[in-house]
Number of protein chains: 2
Amino acid sequence: MKIGVDLGGTNTVVGLCTDEGVLLRKASRPTKHGDAPALLRDCRELAVEVCQAQGIKTSEVCQIGLGVPGSLVKETCTLTFGTNLGMSQVCFADAFQPDFTCTVHLDNDANCAALGEYVSGAGRGVRSMVILTLGTGVGGGIILDGKLYTGENNIAGEIGHMVVEYGGVQCNCGRRGCLETYASASALIRMAKEQLEQGVDSVLTQRIADNGGKLNAKMVCDANDEADPAAKAAFDRYVAYLACGINNIIAILQPQRIVLGGGVAGYGEKLLAPLRERVQADLMPADCEQGDLALAQLGNDAGIIGAAMLEK
Amino acid sequence: MKIGVDLGGTNTVVGLCTDEGVLLRKASRPTKHGDAPALLRDCRELAVEVCQAQGIKTSEVCQIGLGVPGSLVKETCTLTFGTNLGMSQVCFADAFQPDFTCTVHLDNDANCAALGEYVSGAGRGVRSMVILTLGTGVGGGIILDGKLYTGENNIAGEIGHMVVEYGGVQCNCGRRGCLETYASASALIRMAKEQLEQGVDSVLTQRIADNGGKLNAKMVCDANDEADPAAKAAFDRYVAYLACGINNIIAILQPQRIVLGGGVAGYGEKLLAPLRERVQADLMPADCEQGDLALAQLGNDAGIIGAAMLEK
(Lines give C-alpha, C1' and ligand atoms only; values in the text may rest on other atoms or scores of the structure.)
Protein backbone atom coordinates (compact mmCIF):
# COMPACT_ATOMS: atom_id res chain seq x y z
CA MET A 1 0.00 0.00 0.00
CA LYS A 2 1.10 3.58 -0.63
CA ILE A 3 -0.08 6.88 0.76
CA GLY A 4 -0.29 10.14 -1.16
CA VAL A 5 -0.77 13.58 0.32
CA ASP A 6 -2.03 16.57 -1.65
CA LEU A 7 -1.12 19.68 0.34
CA GLY A 8 -3.44 22.18 -1.26
CA GLY A 9 -3.89 25.82 -0.40
CA THR A 10 -7.43 24.97 0.77
CA ASN A 11 -7.39 21.35 1.90
CA THR A 12 -4.88 18.78 3.05
CA VAL A 13 -6.01 15.54 1.44
CA VAL A 14 -4.51 12.14 2.25
CA GLY A 15 -5.24 9.08 0.14
CA LEU A 16 -4.48 5.37 0.47
CA CYS A 17 -3.60 3.65 -2.80
CA THR A 18 -2.69 0.19 -3.96
CA ASP A 19 0.88 -0.30 -5.18
CA GLU A 20 -0.50 0.07 -8.71
CA GLY A 21 -2.02 3.48 -8.00
CA VAL A 22 -5.68 2.66 -7.39
CA LEU A 23 -7.10 5.11 -4.85
CA LEU A 24 -8.95 3.22 -2.09
CA ARG A 25 -9.68 5.78 0.61
CA LYS A 26 -9.20 9.44 1.25
CA ALA A 27 -9.60 11.84 4.14
CA SER A 28 -9.10 15.58 4.41
CA ARG A 29 -8.93 18.60 6.69
CA PRO A 30 -8.71 22.31 5.94
CA THR A 31 -5.04 23.22 5.46
CA LYS A 32 -3.43 24.82 8.51
CA HIS A 33 -1.86 27.90 6.95
CA GLY A 34 1.30 29.19 8.54
CA ASP A 35 1.37 26.50 11.25
CA ALA A 36 3.87 23.86 10.20
CA PRO A 37 3.69 21.64 13.33
CA ALA A 38 -0.13 21.50 13.10
CA LEU A 39 0.06 20.77 9.36
CA LEU A 40 2.56 17.94 9.90
CA ARG A 41 0.33 16.48 12.65
CA ASP A 42 -2.71 16.63 10.36
CA CYS A 43 -0.80 14.77 7.66
CA ARG A 44 0.16 12.00 10.07
CA GLU A 45 -3.28 11.70 11.68
CA LEU A 46 -5.03 11.64 8.31
CA ALA A 47 -2.61 8.92 7.15
CA VAL A 48 -3.45 6.82 10.20
CA GLU A 49 -7.15 7.51 9.61
CA VAL A 50 -7.19 6.18 6.02
CA CYS A 51 -5.35 3.03 7.12
CA GLN A 52 -7.87 2.40 9.90
CA ALA A 53 -10.79 3.07 7.55
CA GLN A 54 -9.39 0.49 5.14
CA GLY A 55 -8.64 -1.93 7.96
CA ILE A 56 -4.89 -2.21 7.34
CA LYS A 57 -1.89 -1.79 9.64
CA THR A 58 0.27 1.28 9.17
CA SER A 59 3.21 -1.09 8.73
CA GLU A 60 1.63 -2.30 5.49
CA VAL A 61 2.32 1.11 3.94
CA CYS A 62 5.56 0.90 1.95
CA GLN A 63 5.91 4.57 1.04
CA ILE A 64 4.36 7.98 1.55
CA GLY A 65 4.59 10.86 -0.91
CA LEU A 66 3.58 14.48 -0.63
CA GLY A 67 2.74 16.95 -3.37
CA VAL A 68 3.38 20.50 -2.24
CA PRO A 69 2.89 23.91 -3.81
CA GLY A 70 6.24 25.66 -3.83
CA SER A 71 9.96 25.19 -4.17
CA LEU A 72 11.54 22.21 -2.48
CA VAL A 73 14.55 19.97 -2.07
CA LYS A 74 13.55 16.41 -2.91
CA GLU A 75 16.61 14.80 -1.34
CA THR A 76 15.86 16.16 2.14
CA CYS A 77 12.04 16.18 1.77
CA THR A 78 12.05 19.89 2.53
CA LEU A 79 9.59 22.51 1.36
CA THR A 80 11.92 25.49 1.07
CA PHE A 81 9.35 28.12 0.14
CA GLY A 82 5.58 27.56 0.10
CA THR A 83 3.78 30.85 -0.47
CA ASN A 84 0.28 29.34 -0.59
CA LEU A 85 0.85 27.45 2.66
CA GLY A 86 2.35 30.43 4.46
CA MET A 87 5.43 28.51 5.54
CA SER A 88 8.99 27.77 4.51
CA GLN A 89 11.84 25.42 5.45
CA VAL A 90 9.51 22.60 6.48
CA CYS A 91 11.02 19.11 6.54
CA PHE A 92 8.58 16.25 5.97
CA ALA A 93 11.08 13.39 6.29
CA ASP A 94 10.04 12.40 9.82
CA ALA A 95 6.51 13.81 9.70
CA PHE A 96 4.81 10.41 9.80
CA GLN A 97 6.83 8.82 12.60
CA PRO A 98 6.35 6.98 14.85
CA ASP A 99 3.19 5.65 13.15
CA PHE A 100 4.94 5.08 9.82
CA THR A 101 8.59 4.18 9.35
CA CYS A 102 8.52 3.89 5.56
CA THR A 103 10.25 6.12 2.99
CA VAL A 104 8.83 9.61 2.45
CA HIS A 105 8.99 11.37 -0.93
CA LEU A 106 8.31 14.99 -1.79
CA ASP A 107 7.64 16.71 -5.09
CA ASN A 108 5.70 19.69 -6.31
CA ASP A 109 1.95 19.41 -6.78
CA ALA A 110 2.01 19.86 -10.54
CA ASN A 111 4.53 17.04 -10.96
CA CYS A 112 2.41 14.77 -8.73
CA ALA A 113 -0.75 15.52 -10.71
CA ALA A 114 1.05 14.70 -13.95
CA LEU A 115 2.39 11.43 -12.56
CA GLY A 116 -1.01 10.43 -11.14
CA GLU A 117 -2.76 11.05 -14.44
CA TYR A 118 -0.03 9.06 -16.18
CA VAL A 119 -0.12 6.06 -13.85
CA SER A 120 -3.86 5.75 -13.30
CA GLY A 121 -5.63 8.10 -15.69
CA ALA A 122 -5.45 9.31 -19.27
CA GLY A 123 -1.78 8.35 -19.64
CA ARG A 124 -2.14 4.64 -18.94
CA GLY A 125 -0.29 2.46 -21.42
CA VAL A 126 1.75 5.16 -23.18
CA ARG A 127 5.49 5.73 -22.86
CA SER A 128 5.44 9.51 -22.97
CA MET A 129 2.82 12.08 -22.10
CA VAL A 130 2.52 15.81 -21.64
CA ILE A 131 -0.32 17.19 -19.53
CA LEU A 132 -1.66 20.72 -19.75
CA THR A 133 -3.94 21.99 -17.00
CA LEU A 134 -6.21 24.70 -18.33
CA GLY A 135 -7.28 26.55 -15.20
CA THR A 136 -6.66 30.02 -13.81
CA GLY A 137 -3.21 29.51 -15.28
CA VAL A 138 -1.82 26.81 -17.56
CA GLY A 139 0.07 24.10 -15.67
CA GLY A 140 2.23 21.51 -17.31
CA GLY A 141 3.82 18.16 -16.62
CA ILE A 142 6.05 15.90 -18.68
CA ILE A 143 6.41 12.12 -18.58
CA LEU A 144 9.20 10.67 -20.74
CA ASP A 145 9.98 6.98 -21.05
CA GLY A 146 7.50 6.27 -18.26
CA LYS A 147 9.08 8.67 -15.78
CA LEU A 148 8.31 12.14 -14.52
CA TYR A 149 10.68 14.59 -16.17
CA THR A 150 11.52 17.39 -13.76
CA GLY A 151 14.64 19.02 -15.22
CA GLU A 152 17.64 20.37 -13.42
CA ASN A 153 15.63 22.52 -11.04
CA ASN A 154 12.67 20.21 -10.40
CA ILE A 155 10.10 22.43 -12.07
CA ALA A 156 10.59 21.69 -15.73
CA GLY A 157 7.39 21.37 -17.70
CA GLU A 158 6.33 24.99 -17.19
CA ILE A 159 4.68 24.81 -20.56
CA GLY A 160 2.27 27.59 -19.61
CA HIS A 161 5.24 29.95 -19.54
CA MET A 162 6.40 29.19 -23.06
CA VAL A 163 6.04 32.44 -25.00
CA VAL A 164 3.87 31.95 -28.08
CA GLU A 165 3.38 35.62 -28.85
CA TYR A 166 6.54 37.65 -28.50
CA GLY A 167 5.73 40.92 -26.76
CA GLY A 168 2.14 39.81 -26.22
CA VAL A 169 -0.16 39.91 -23.18
CA GLN A 170 1.58 40.55 -19.83
CA CYS A 171 1.87 37.34 -17.79
CA ASN A 172 2.07 37.07 -13.99
CA CYS A 173 5.51 35.51 -14.40
CA GLY A 174 6.91 38.79 -15.67
CA ARG A 175 7.26 37.80 -19.32
CA ARG A 176 4.87 38.70 -22.11
CA GLY A 177 2.91 36.42 -24.41
CA CYS A 178 3.15 33.19 -22.40
CA LEU A 179 0.79 30.40 -23.46
CA GLU A 180 -0.93 30.89 -20.10
CA THR A 181 -2.11 34.33 -21.21
CA TYR A 182 -3.92 32.79 -24.21
CA ALA A 183 -4.89 29.26 -23.18
CA SER A 184 -5.98 29.52 -19.52
CA ALA A 185 -9.60 29.77 -18.42
CA SER A 186 -8.80 33.38 -17.52
CA ALA A 187 -7.64 33.99 -21.09
CA LEU A 188 -10.87 32.57 -22.53
CA ILE A 189 -12.85 34.92 -20.29
CA ARG A 190 -10.70 37.89 -21.31
CA MET A 191 -11.11 37.04 -25.00
CA ALA A 192 -14.91 36.92 -24.61
CA LYS A 193 -14.94 40.24 -22.74
CA GLU A 194 -12.89 41.79 -25.53
CA GLN A 195 -15.58 40.73 -27.98
CA LEU A 196 -18.28 42.33 -25.82
CA GLU A 197 -16.22 45.51 -25.48
CA GLN A 198 -15.97 45.64 -29.25
CA GLY A 199 -19.78 45.70 -29.28
CA VAL A 200 -20.37 42.20 -30.67
CA ASP A 201 -23.97 41.21 -29.92
CA SER A 202 -24.09 38.36 -27.40
CA VAL A 203 -26.28 36.41 -25.01
CA LEU A 204 -23.38 36.80 -22.57
CA THR A 205 -24.23 40.44 -21.82
CA GLN A 206 -27.49 39.46 -20.09
CA ARG A 207 -26.01 36.36 -18.49
CA ILE A 208 -23.15 38.31 -16.97
CA ALA A 209 -25.72 40.73 -15.48
CA ASP A 210 -27.73 37.76 -14.15
CA ASN A 211 -24.54 36.31 -12.65
CA GLY A 212 -23.70 39.33 -10.53
CA GLY A 213 -21.47 40.91 -13.17
CA LYS A 214 -19.24 37.86 -13.43
CA LEU A 215 -18.21 35.81 -16.45
CA ASN A 216 -16.65 32.35 -16.21
CA ALA A 217 -15.20 29.94 -18.75
CA LYS A 218 -18.22 27.63 -18.64
CA MET A 219 -20.54 30.50 -19.62
CA VAL A 220 -18.33 31.22 -22.64
CA CYS A 221 -18.28 27.54 -23.61
CA ASP A 222 -22.05 27.22 -23.23
CA ALA A 223 -22.68 30.33 -25.32
CA ASN A 224 -20.25 29.03 -27.96
CA ASP A 225 -22.31 25.85 -28.01
CA GLU A 226 -25.34 28.00 -28.88
CA ALA A 227 -23.33 29.62 -31.72
CA ASP A 228 -23.27 32.97 -29.96
CA PRO A 229 -21.04 35.16 -32.19
CA ALA A 230 -18.99 36.77 -29.39
CA ALA A 231 -18.47 33.47 -27.58
CA LYS A 232 -17.63 31.71 -30.83
CA ALA A 233 -15.05 34.31 -31.82
CA ALA A 234 -13.41 34.06 -28.38
CA PHE A 235 -13.55 30.27 -28.33
CA ASP A 236 -12.09 29.92 -31.84
CA ARG A 237 -9.26 32.26 -30.92
CA TYR A 238 -8.67 30.31 -27.71
CA VAL A 239 -8.53 26.99 -29.61
CA ALA A 240 -6.11 28.44 -32.16
CA TYR A 241 -3.65 29.53 -29.46
CA LEU A 242 -4.00 26.30 -27.52
CA ALA A 243 -3.35 24.35 -30.74
CA CYS A 244 -0.26 26.50 -31.32
CA GLY A 245 1.05 25.58 -27.86
CA ILE A 246 0.29 21.90 -28.44
CA ASN A 247 2.05 21.94 -31.82
CA ASN A 248 5.07 23.52 -30.15
CA ILE A 249 5.14 20.66 -27.65
CA ILE A 250 4.92 18.15 -30.48
CA ALA A 251 7.75 19.85 -32.40
CA ILE A 252 9.99 19.78 -29.35
CA LEU A 253 9.05 16.58 -27.53
CA GLN A 254 6.84 14.41 -29.75
CA PRO A 255 5.04 12.83 -26.80
CA GLN A 256 2.87 9.84 -27.51
CA ARG A 257 -0.13 11.52 -25.88
CA ILE A 258 -1.13 15.01 -24.79
CA VAL A 259 -3.64 15.20 -21.94
CA LEU A 260 -5.79 18.20 -21.09
CA GLY A 261 -7.07 18.83 -17.58
CA GLY A 262 -8.40 21.73 -15.56
CA GLY A 263 -11.57 23.77 -15.89
CA VAL A 264 -11.65 24.36 -19.64
CA ALA A 265 -11.04 20.65 -20.32
CA GLY A 266 -14.40 20.09 -18.61
CA TYR A 267 -15.92 21.22 -21.90
CA GLY A 268 -14.89 17.77 -23.11
CA GLU A 269 -15.28 16.67 -26.71
CA LYS A 270 -16.63 20.11 -27.60
CA LEU A 271 -13.14 21.41 -26.91
CA LEU A 272 -11.26 18.35 -28.17
CA ALA A 273 -12.95 18.07 -31.58
CA PRO A 274 -12.11 21.58 -32.88
CA LEU A 275 -8.73 21.43 -31.14
CA ARG A 276 -7.77 18.16 -32.84
CA GLU A 277 -8.73 19.62 -36.19
CA ARG A 278 -6.62 22.71 -35.63
CA VAL A 279 -3.63 20.75 -34.31
CA GLN A 280 -3.67 18.40 -37.30
CA ALA A 281 -3.95 21.31 -39.75
CA ASP A 282 -0.76 22.87 -38.34
CA LEU A 283 1.35 19.71 -37.88
CA MET A 284 4.57 19.37 -39.82
CA PRO A 285 4.46 16.41 -42.25
CA ALA A 286 6.90 14.31 -40.23
CA ASP A 287 4.69 14.71 -37.18
CA CYS A 288 1.60 13.42 -38.95
CA GLU A 289 1.11 10.57 -36.53
CA GLN A 290 1.46 12.80 -33.49
CA GLY A 291 -1.20 14.80 -31.74
CA ASP A 292 -3.07 12.13 -29.78
CA LEU A 293 -5.16 14.36 -27.51
CA ALA A 294 -7.13 13.08 -24.53
CA LEU A 295 -8.96 14.45 -21.52
CA ALA A 296 -7.64 14.04 -17.98
CA GLN A 297 -9.69 11.51 -16.04
CA LEU A 298 -8.81 11.85 -12.37
CA GLY A 299 -9.55 15.46 -11.46
CA ASN A 300 -8.15 16.37 -8.05
CA ASP A 301 -7.34 12.74 -7.26
CA ALA A 302 -4.44 12.84 -9.73
CA GLY A 303 -2.29 14.76 -7.25
CA ILE A 304 -2.92 12.27 -4.45
CA ILE A 305 -2.25 9.23 -6.60
CA GLY A 306 0.84 10.80 -8.15
CA ALA A 307 2.23 11.69 -4.72
CA ALA A 308 1.71 8.09 -3.61
CA MET A 309 3.52 6.81 -6.71
CA LEU A 310 6.58 9.09 -6.51
CA GLU A 311 9.95 7.47 -7.07
CA LYS A 312 13.39 8.58 -6.05
CA MET B 1 37.31 1.94 -32.34
CA LYS B 2 34.11 3.33 -33.84
CA ILE B 3 33.31 4.74 -37.24
CA GLY B 4 30.93 7.62 -37.92
CA VAL B 5 29.55 8.62 -41.29
CA ASP B 6 28.10 12.03 -42.06
CA LEU B 7 26.04 11.68 -45.22
CA GLY B 8 25.75 15.30 -46.22
CA GLY B 9 24.08 16.77 -49.27
CA THR B 10 27.52 17.85 -50.51
CA ASN B 11 30.03 15.40 -49.06
CA THR B 12 30.08 11.91 -47.63
CA VAL B 13 32.49 12.09 -44.71
CA VAL B 14 33.68 9.05 -42.78
CA GLY B 15 35.58 9.36 -39.51
CA LEU B 16 37.40 6.95 -37.24
CA CYS B 17 36.95 7.63 -33.51
CA THR B 18 38.12 6.16 -30.25
CA ASP B 19 35.47 4.47 -28.12
CA GLU B 20 35.31 7.73 -26.12
CA GLY B 21 34.51 9.84 -29.17
CA VAL B 22 37.86 11.34 -30.08
CA LEU B 23 38.09 11.77 -33.85
CA LEU B 24 41.36 10.31 -35.19
CA ARG B 25 41.03 10.30 -38.97
CA LYS B 26 38.55 11.32 -41.61
CA ALA B 27 38.15 10.88 -45.32
CA SER B 28 35.53 12.17 -47.72
CA ARG B 29 34.15 12.06 -51.24
CA PRO B 30 31.49 14.14 -52.98
CA THR B 31 28.09 12.60 -52.21
CA LYS B 32 26.72 10.43 -55.03
CA HIS B 33 23.25 11.87 -55.41
CA GLY B 34 20.53 9.52 -56.56
CA ASP B 35 22.88 6.53 -56.86
CA ALA B 36 22.38 4.37 -53.78
CA PRO B 37 24.74 1.49 -54.75
CA ALA B 38 27.57 3.96 -55.46
CA LEU B 39 26.90 5.83 -52.22
CA LEU B 40 26.98 2.60 -50.20
CA ARG B 41 30.20 1.57 -51.88
CA ASP B 42 31.78 4.97 -51.08
CA CYS B 43 30.82 4.59 -47.43
CA ARG B 44 32.45 1.19 -47.23
CA GLU B 45 35.58 2.19 -49.12
CA LEU B 46 36.04 5.35 -47.05
CA ALA B 47 35.62 3.30 -43.87
CA VAL B 48 38.35 0.90 -45.01
CA GLU B 49 40.50 3.90 -45.97
CA VAL B 50 40.39 5.55 -42.52
CA CYS B 51 41.29 2.22 -40.89
CA GLN B 52 44.26 1.76 -43.18
CA ALA B 53 45.39 5.36 -42.67
CA GLN B 54 45.29 4.78 -38.90
CA GLY B 55 47.00 1.40 -39.26
CA ILE B 56 44.26 -0.66 -37.64
CA LYS B 57 42.39 -3.75 -38.79
CA THR B 58 38.76 -3.36 -39.80
CA SER B 59 37.95 -6.05 -37.23
CA GLU B 60 39.00 -3.60 -34.51
CA VAL B 61 35.96 -1.45 -35.32
CA CYS B 62 33.17 -2.34 -32.90
CA GLN B 63 30.40 -0.24 -34.45
CA ILE B 64 29.57 2.01 -37.35
CA GLY B 65 26.95 4.76 -37.27
CA LEU B 66 25.51 6.93 -40.02
CA GLY B 67 23.88 10.32 -39.75
CA VAL B 68 21.52 10.89 -42.68
CA PRO B 69 19.36 13.81 -43.78
CA GLY B 70 15.80 12.56 -43.98
CA SER B 71 13.25 10.23 -42.46
CA LEU B 72 14.36 6.80 -41.42
CA VAL B 73 13.64 3.60 -39.53
CA LYS B 74 16.37 3.07 -36.95
CA GLU B 75 15.52 -0.58 -36.31
CA THR B 76 16.16 -1.64 -39.89
CA CYS B 77 18.87 0.96 -40.64
CA THR B 78 16.78 2.23 -43.52
CA LEU B 79 16.64 5.73 -44.94
CA THR B 80 13.01 5.87 -45.99
CA PHE B 81 13.02 9.29 -47.62
CA GLY B 82 16.13 11.39 -48.22
CA THR B 83 15.28 14.41 -50.35
CA ASN B 84 18.76 15.95 -50.24
CA LEU B 85 20.38 12.67 -51.29
CA GLY B 86 17.88 12.02 -54.07
CA MET B 87 17.13 8.52 -52.84
CA SER B 88 14.68 6.61 -50.70
CA GLN B 89 14.30 3.14 -49.18
CA VAL B 90 18.04 2.61 -48.79
CA CYS B 91 19.08 0.00 -46.25
CA PHE B 92 22.52 0.52 -44.68
CA ALA B 93 22.53 -2.58 -42.46
CA ASP B 94 24.83 -4.61 -44.71
CA ALA B 95 26.54 -1.68 -46.42
CA PHE B 96 29.94 -2.29 -44.80
CA GLN B 97 30.17 -6.03 -45.34
CA PRO B 98 32.28 -8.02 -45.95
CA ASP B 99 34.98 -5.60 -44.69
CA PHE B 100 33.16 -4.88 -41.44
CA THR B 101 30.89 -7.29 -39.58
CA CYS B 102 30.09 -5.02 -36.62
CA THR B 103 26.75 -3.44 -35.70
CA VAL B 104 25.50 -0.56 -37.86
CA HIS B 105 23.37 2.28 -36.43
CA LEU B 106 21.41 4.96 -38.25
CA ASP B 107 19.96 8.26 -37.08
CA ASN B 108 19.23 11.63 -38.58
CA ASP B 109 22.05 14.12 -39.04
CA ALA B 110 20.73 16.66 -36.52
CA ASN B 111 20.51 14.02 -33.78
CA CYS B 112 24.06 12.88 -34.56
CA ALA B 113 25.41 16.42 -34.42
CA ALA B 114 23.73 16.96 -31.02
CA LEU B 115 25.14 13.71 -29.67
CA GLY B 116 28.63 14.44 -30.96
CA GLU B 117 28.68 17.90 -29.38
CA TYR B 118 27.43 16.34 -26.16
CA VAL B 119 29.97 13.53 -26.01
CA SER B 120 33.09 15.35 -27.20
CA GLY B 121 32.30 19.06 -27.37
CA ALA B 122 30.46 21.75 -25.44
CA GLY B 123 28.26 19.26 -23.62
CA ARG B 124 31.00 17.27 -21.91
CA GLY B 125 30.31 16.64 -18.24
CA VAL B 126 26.68 17.77 -18.09
CA ARG B 127 23.63 15.53 -17.70
CA SER B 128 21.31 17.41 -20.02
CA MET B 129 21.89 19.71 -22.95
CA VAL B 130 19.94 21.38 -25.70
CA ILE B 131 21.72 22.47 -28.86
CA LEU B 132 20.47 25.12 -31.25
CA THR B 133 22.10 25.42 -34.66
CA LEU B 134 21.75 28.96 -35.97
CA GLY B 135 22.23 28.55 -39.69
CA THR B 136 20.00 28.95 -42.72
CA GLY B 137 17.36 27.50 -40.43
CA VAL B 138 17.40 26.77 -36.70
CA GLY B 139 18.15 23.13 -35.90
CA GLY B 140 17.76 21.57 -32.51
CA GLY B 141 18.81 18.55 -30.53
CA ILE B 142 18.03 17.39 -27.00
CA ILE B 143 20.13 15.30 -24.62
CA LEU B 144 18.40 14.25 -21.40
CA ASP B 145 20.00 12.20 -18.66
CA GLY B 146 23.01 11.66 -20.90
CA LYS B 147 21.01 10.27 -23.81
CA LEU B 148 19.78 11.60 -27.10
CA TYR B 149 16.06 12.32 -26.81
CA THR B 150 14.35 11.63 -30.10
CA GLY B 151 10.65 11.41 -29.24
CA GLU B 152 8.06 9.06 -30.62
CA ASN B 153 8.84 9.83 -34.23
CA ASN B 154 12.64 10.17 -34.05
CA ILE B 155 12.73 13.86 -34.90
CA ALA B 156 11.86 15.51 -31.60
CA GLY B 157 13.91 18.57 -30.79
CA GLU B 158 12.58 20.62 -33.71
CA ILE B 159 13.04 23.68 -31.55
CA GLY B 160 13.35 25.90 -34.60
CA HIS B 161 9.73 25.14 -35.34
CA MET B 162 8.41 26.26 -31.99
CA VAL B 163 6.15 29.23 -32.68
CA VAL B 164 7.26 32.28 -30.68
CA GLU B 165 5.15 34.81 -32.52
CA TYR B 166 1.65 33.59 -33.22
CA GLY B 167 0.66 34.57 -36.76
CA GLY B 168 4.17 35.95 -37.40
CA VAL B 169 6.58 35.51 -40.29
CA GLN B 170 5.79 32.65 -42.71
CA CYS B 171 8.08 29.65 -42.14
CA ASN B 172 9.10 27.03 -44.71
CA CYS B 173 7.41 24.41 -42.53
CA GLY B 174 4.00 25.89 -43.26
CA ARG B 175 3.42 27.47 -39.87
CA ARG B 176 3.91 31.12 -39.00
CA GLY B 177 6.15 32.70 -36.41
CA CYS B 178 8.51 29.77 -35.81
CA LEU B 179 11.71 30.55 -33.90
CA GLU B 180 13.56 29.76 -37.15
CA THR B 181 12.01 32.82 -38.79
CA TYR B 182 13.53 35.08 -36.08
CA ALA B 183 16.69 33.35 -34.90
CA SER B 184 18.30 31.85 -38.02
CA ALA B 185 21.12 33.54 -39.94
CA SER B 186 18.52 34.20 -42.65
CA ALA B 187 16.36 36.01 -40.09
CA LEU B 188 19.24 38.24 -38.99
CA ILE B 189 19.84 39.18 -42.61
CA ARG B 190 16.14 39.91 -43.14
CA MET B 191 15.99 42.06 -40.01
CA ALA B 192 18.98 44.10 -41.21
CA LYS B 193 17.43 44.54 -44.66
CA GLU B 194 14.22 45.73 -43.03
CA GLN B 195 16.21 48.44 -41.28
CA LEU B 196 17.78 49.53 -44.56
CA GLU B 197 14.37 49.55 -46.25
CA GLN B 198 13.14 51.81 -43.49
CA GLY B 199 15.87 54.22 -44.48
CA VAL B 200 18.14 53.78 -41.45
CA ASP B 201 21.60 55.07 -42.32
CA SER B 202 24.12 52.23 -42.42
CA VAL B 203 27.56 51.17 -43.54
CA LEU B 204 25.83 48.06 -44.84
CA THR B 205 24.40 49.85 -47.88
CA GLN B 206 27.86 50.35 -49.40
CA ARG B 207 29.12 46.96 -48.25
CA ILE B 208 26.20 45.17 -49.86
CA ALA B 209 26.97 46.98 -53.11
CA ASP B 210 30.65 46.00 -52.79
CA ASN B 211 29.60 42.39 -52.16
CA GLY B 212 27.66 42.02 -55.39
CA GLY B 213 24.35 43.00 -53.82
CA LYS B 214 24.50 40.30 -51.17
CA LEU B 215 24.23 40.56 -47.41
CA ASN B 216 25.28 37.78 -45.03
CA ALA B 217 25.07 37.32 -41.27
CA LYS B 218 28.75 38.01 -40.70
CA MET B 219 28.41 41.42 -42.38
CA VAL B 220 25.56 42.28 -40.01
CA CYS B 221 27.55 41.10 -36.98
CA ASP B 222 30.64 43.05 -38.05
CA ALA B 223 28.62 46.23 -38.60
CA ASN B 224 26.95 45.75 -35.21
CA ASP B 225 30.42 45.54 -33.74
CA GLU B 226 31.09 48.99 -35.21
CA ALA B 227 27.87 50.28 -33.61
CA ASP B 228 26.20 50.75 -36.97
CA PRO B 229 22.61 51.80 -36.13
CA ALA B 230 20.82 49.53 -38.65
CA ALA B 231 22.96 46.51 -37.81
CA LYS B 232 22.59 47.17 -34.09
CA ALA B 233 18.79 47.42 -34.31
CA ALA B 234 18.67 44.15 -36.26
CA PHE B 235 21.12 42.41 -33.97
CA ASP B 236 19.35 43.52 -30.78
CA ARG B 237 16.04 42.29 -32.19
CA TYR B 238 17.66 39.00 -33.18
CA VAL B 239 19.11 38.53 -29.70
CA ALA B 240 15.75 39.30 -28.09
CA TYR B 241 13.96 36.62 -30.12
CA LEU B 242 16.72 34.08 -29.62
CA ALA B 243 16.61 34.76 -25.86
CA CYS B 244 12.84 34.24 -25.97
CA GLY B 245 13.33 30.84 -27.59
CA ILE B 246 16.02 29.91 -25.08
CA ASN B 247 13.83 30.95 -22.16
CA ASN B 248 11.06 28.78 -23.59
CA ILE B 249 13.41 25.82 -23.62
CA ILE B 250 14.39 26.53 -20.03
CA ALA B 251 10.74 26.79 -18.93
CA ILE B 252 9.92 23.46 -20.56
CA LEU B 253 13.09 21.38 -20.15
CA GLN B 254 15.46 23.12 -17.73
CA PRO B 255 18.55 21.65 -19.37
CA GLN B 256 21.84 22.00 -17.57
CA ARG B 257 23.43 23.63 -20.60
CA ILE B 258 22.30 25.23 -23.84
CA VAL B 259 24.79 25.09 -26.70
CA LEU B 260 24.74 27.32 -29.77
CA GLY B 261 26.21 26.20 -33.07
CA GLY B 262 25.93 27.18 -36.73
CA GLY B 263 26.94 30.31 -38.59
CA VAL B 264 25.68 32.99 -36.21
CA ALA B 265 27.32 31.27 -33.24
CA GLY B 266 30.60 32.01 -35.03
CA TYR B 267 30.17 35.55 -33.69
CA GLY B 268 31.22 34.01 -30.37
CA GLU B 269 31.26 35.99 -27.15
CA LYS B 270 29.90 39.02 -28.98
CA LEU B 271 26.69 37.04 -29.39
CA LEU B 272 26.85 35.20 -26.06
CA ALA B 273 27.38 38.22 -23.81
CA PRO B 274 24.25 40.20 -24.81
CA LEU B 275 22.30 36.96 -25.15
CA ARG B 276 23.17 35.85 -21.61
CA GLU B 277 22.08 39.23 -20.29
CA ARG B 278 18.76 39.06 -22.08
CA VAL B 279 18.09 35.44 -21.06
CA GLN B 280 18.81 36.22 -17.40
CA ALA B 281 16.55 39.28 -17.47
CA ASP B 282 13.60 37.18 -18.65
CA LEU B 283 14.13 34.10 -16.49
CA MET B 284 11.41 33.15 -14.03
CA PRO B 285 12.67 33.34 -10.41
CA ALA B 286 12.70 29.57 -9.93
CA ASP B 287 14.91 29.23 -12.99
CA CYS B 288 17.52 31.64 -11.69
CA GLU B 289 20.29 29.07 -11.83
CA GLN B 290 19.46 28.02 -15.37
CA GLY B 291 20.65 29.51 -18.61
CA ASP B 292 24.18 28.17 -18.88
CA LEU B 293 24.96 29.12 -22.47
CA ALA B 294 27.98 27.87 -24.39
CA LEU B 295 29.30 27.77 -27.94
CA ALA B 296 29.50 24.55 -29.92
CA GLN B 297 33.09 23.41 -30.33
CA LEU B 298 33.19 20.74 -33.00
CA GLY B 299 31.74 22.33 -36.12
CA ASN B 300 31.05 19.76 -38.82
CA ASP B 301 32.92 17.04 -36.93
CA ALA B 302 30.04 16.83 -34.41
CA GLY B 303 27.92 14.85 -36.87
CA ILE B 304 30.68 12.32 -37.56
CA ILE B 305 31.50 11.80 -33.88
CA GLY B 306 27.82 11.60 -32.90
CA ALA B 307 27.17 9.01 -35.62
CA ALA B 308 30.08 6.94 -34.32
CA MET B 309 28.71 7.15 -30.76
CA LEU B 310 25.08 6.21 -31.55
CA GLU B 311 23.46 3.69 -29.22
CA LYS B 312 20.50 1.42 -29.79
# chains A, B, ... in the order shown; residues from 1 in each chain; ligands from 1
call {"tool": "interface_residues", "arguments": {"of": "chain A", "to": "chain B", "cutoff": "7 Å", "atoms": "only C-alpha atoms", "output": "PyMOL selection string"}}
result
chain A and resi 151-153+156-159+161-166+173+175+248+251-256+282+284
call {"tool": "residues_around", "arguments": {"residues": "segment 106-115 of chain B", "least_positions_apart": "6", "cutoff": "6 Å", "atoms": "only C-alpha atoms", "output": "number ranges by chain"}}
result
B: 65-69, 74, 77, 141, 302-303, 306-307
call {"tool": "residues_around", "arguments": {"residues": "Ala217 of chain B", "least_positions_apart": "6", "cutoff": "9 Å", "atoms": "only C-alpha atoms", "output": "NGL selection string"}}
result
:B and (185-189 or 263-264)
call {"tool": "atom_distance", "arguments": {"atom1": "atom CA of Val22 of chain B", "atom2": "atom CA of Ala93 of chain B"}}
result
24.1 Å
call {"tool": "atom_distance", "arguments": {"atom1": "atom CA of Arg276 of chain A", "atom2": "atom CA of Ile305 of chain A"}}
result
28.3 Å
call {"tool": "select_by_dssp", "arguments": {"residues": "segment 30-275 of chain B", "states": "helix (DSSP H, G or I)", "output": "ChimeraX atom specification"}}
result
/B:36-54,58-60,74-76,83-85,109-120,159-161,180-183,185-197,204-210,217-225,229-253,263-267,269-275
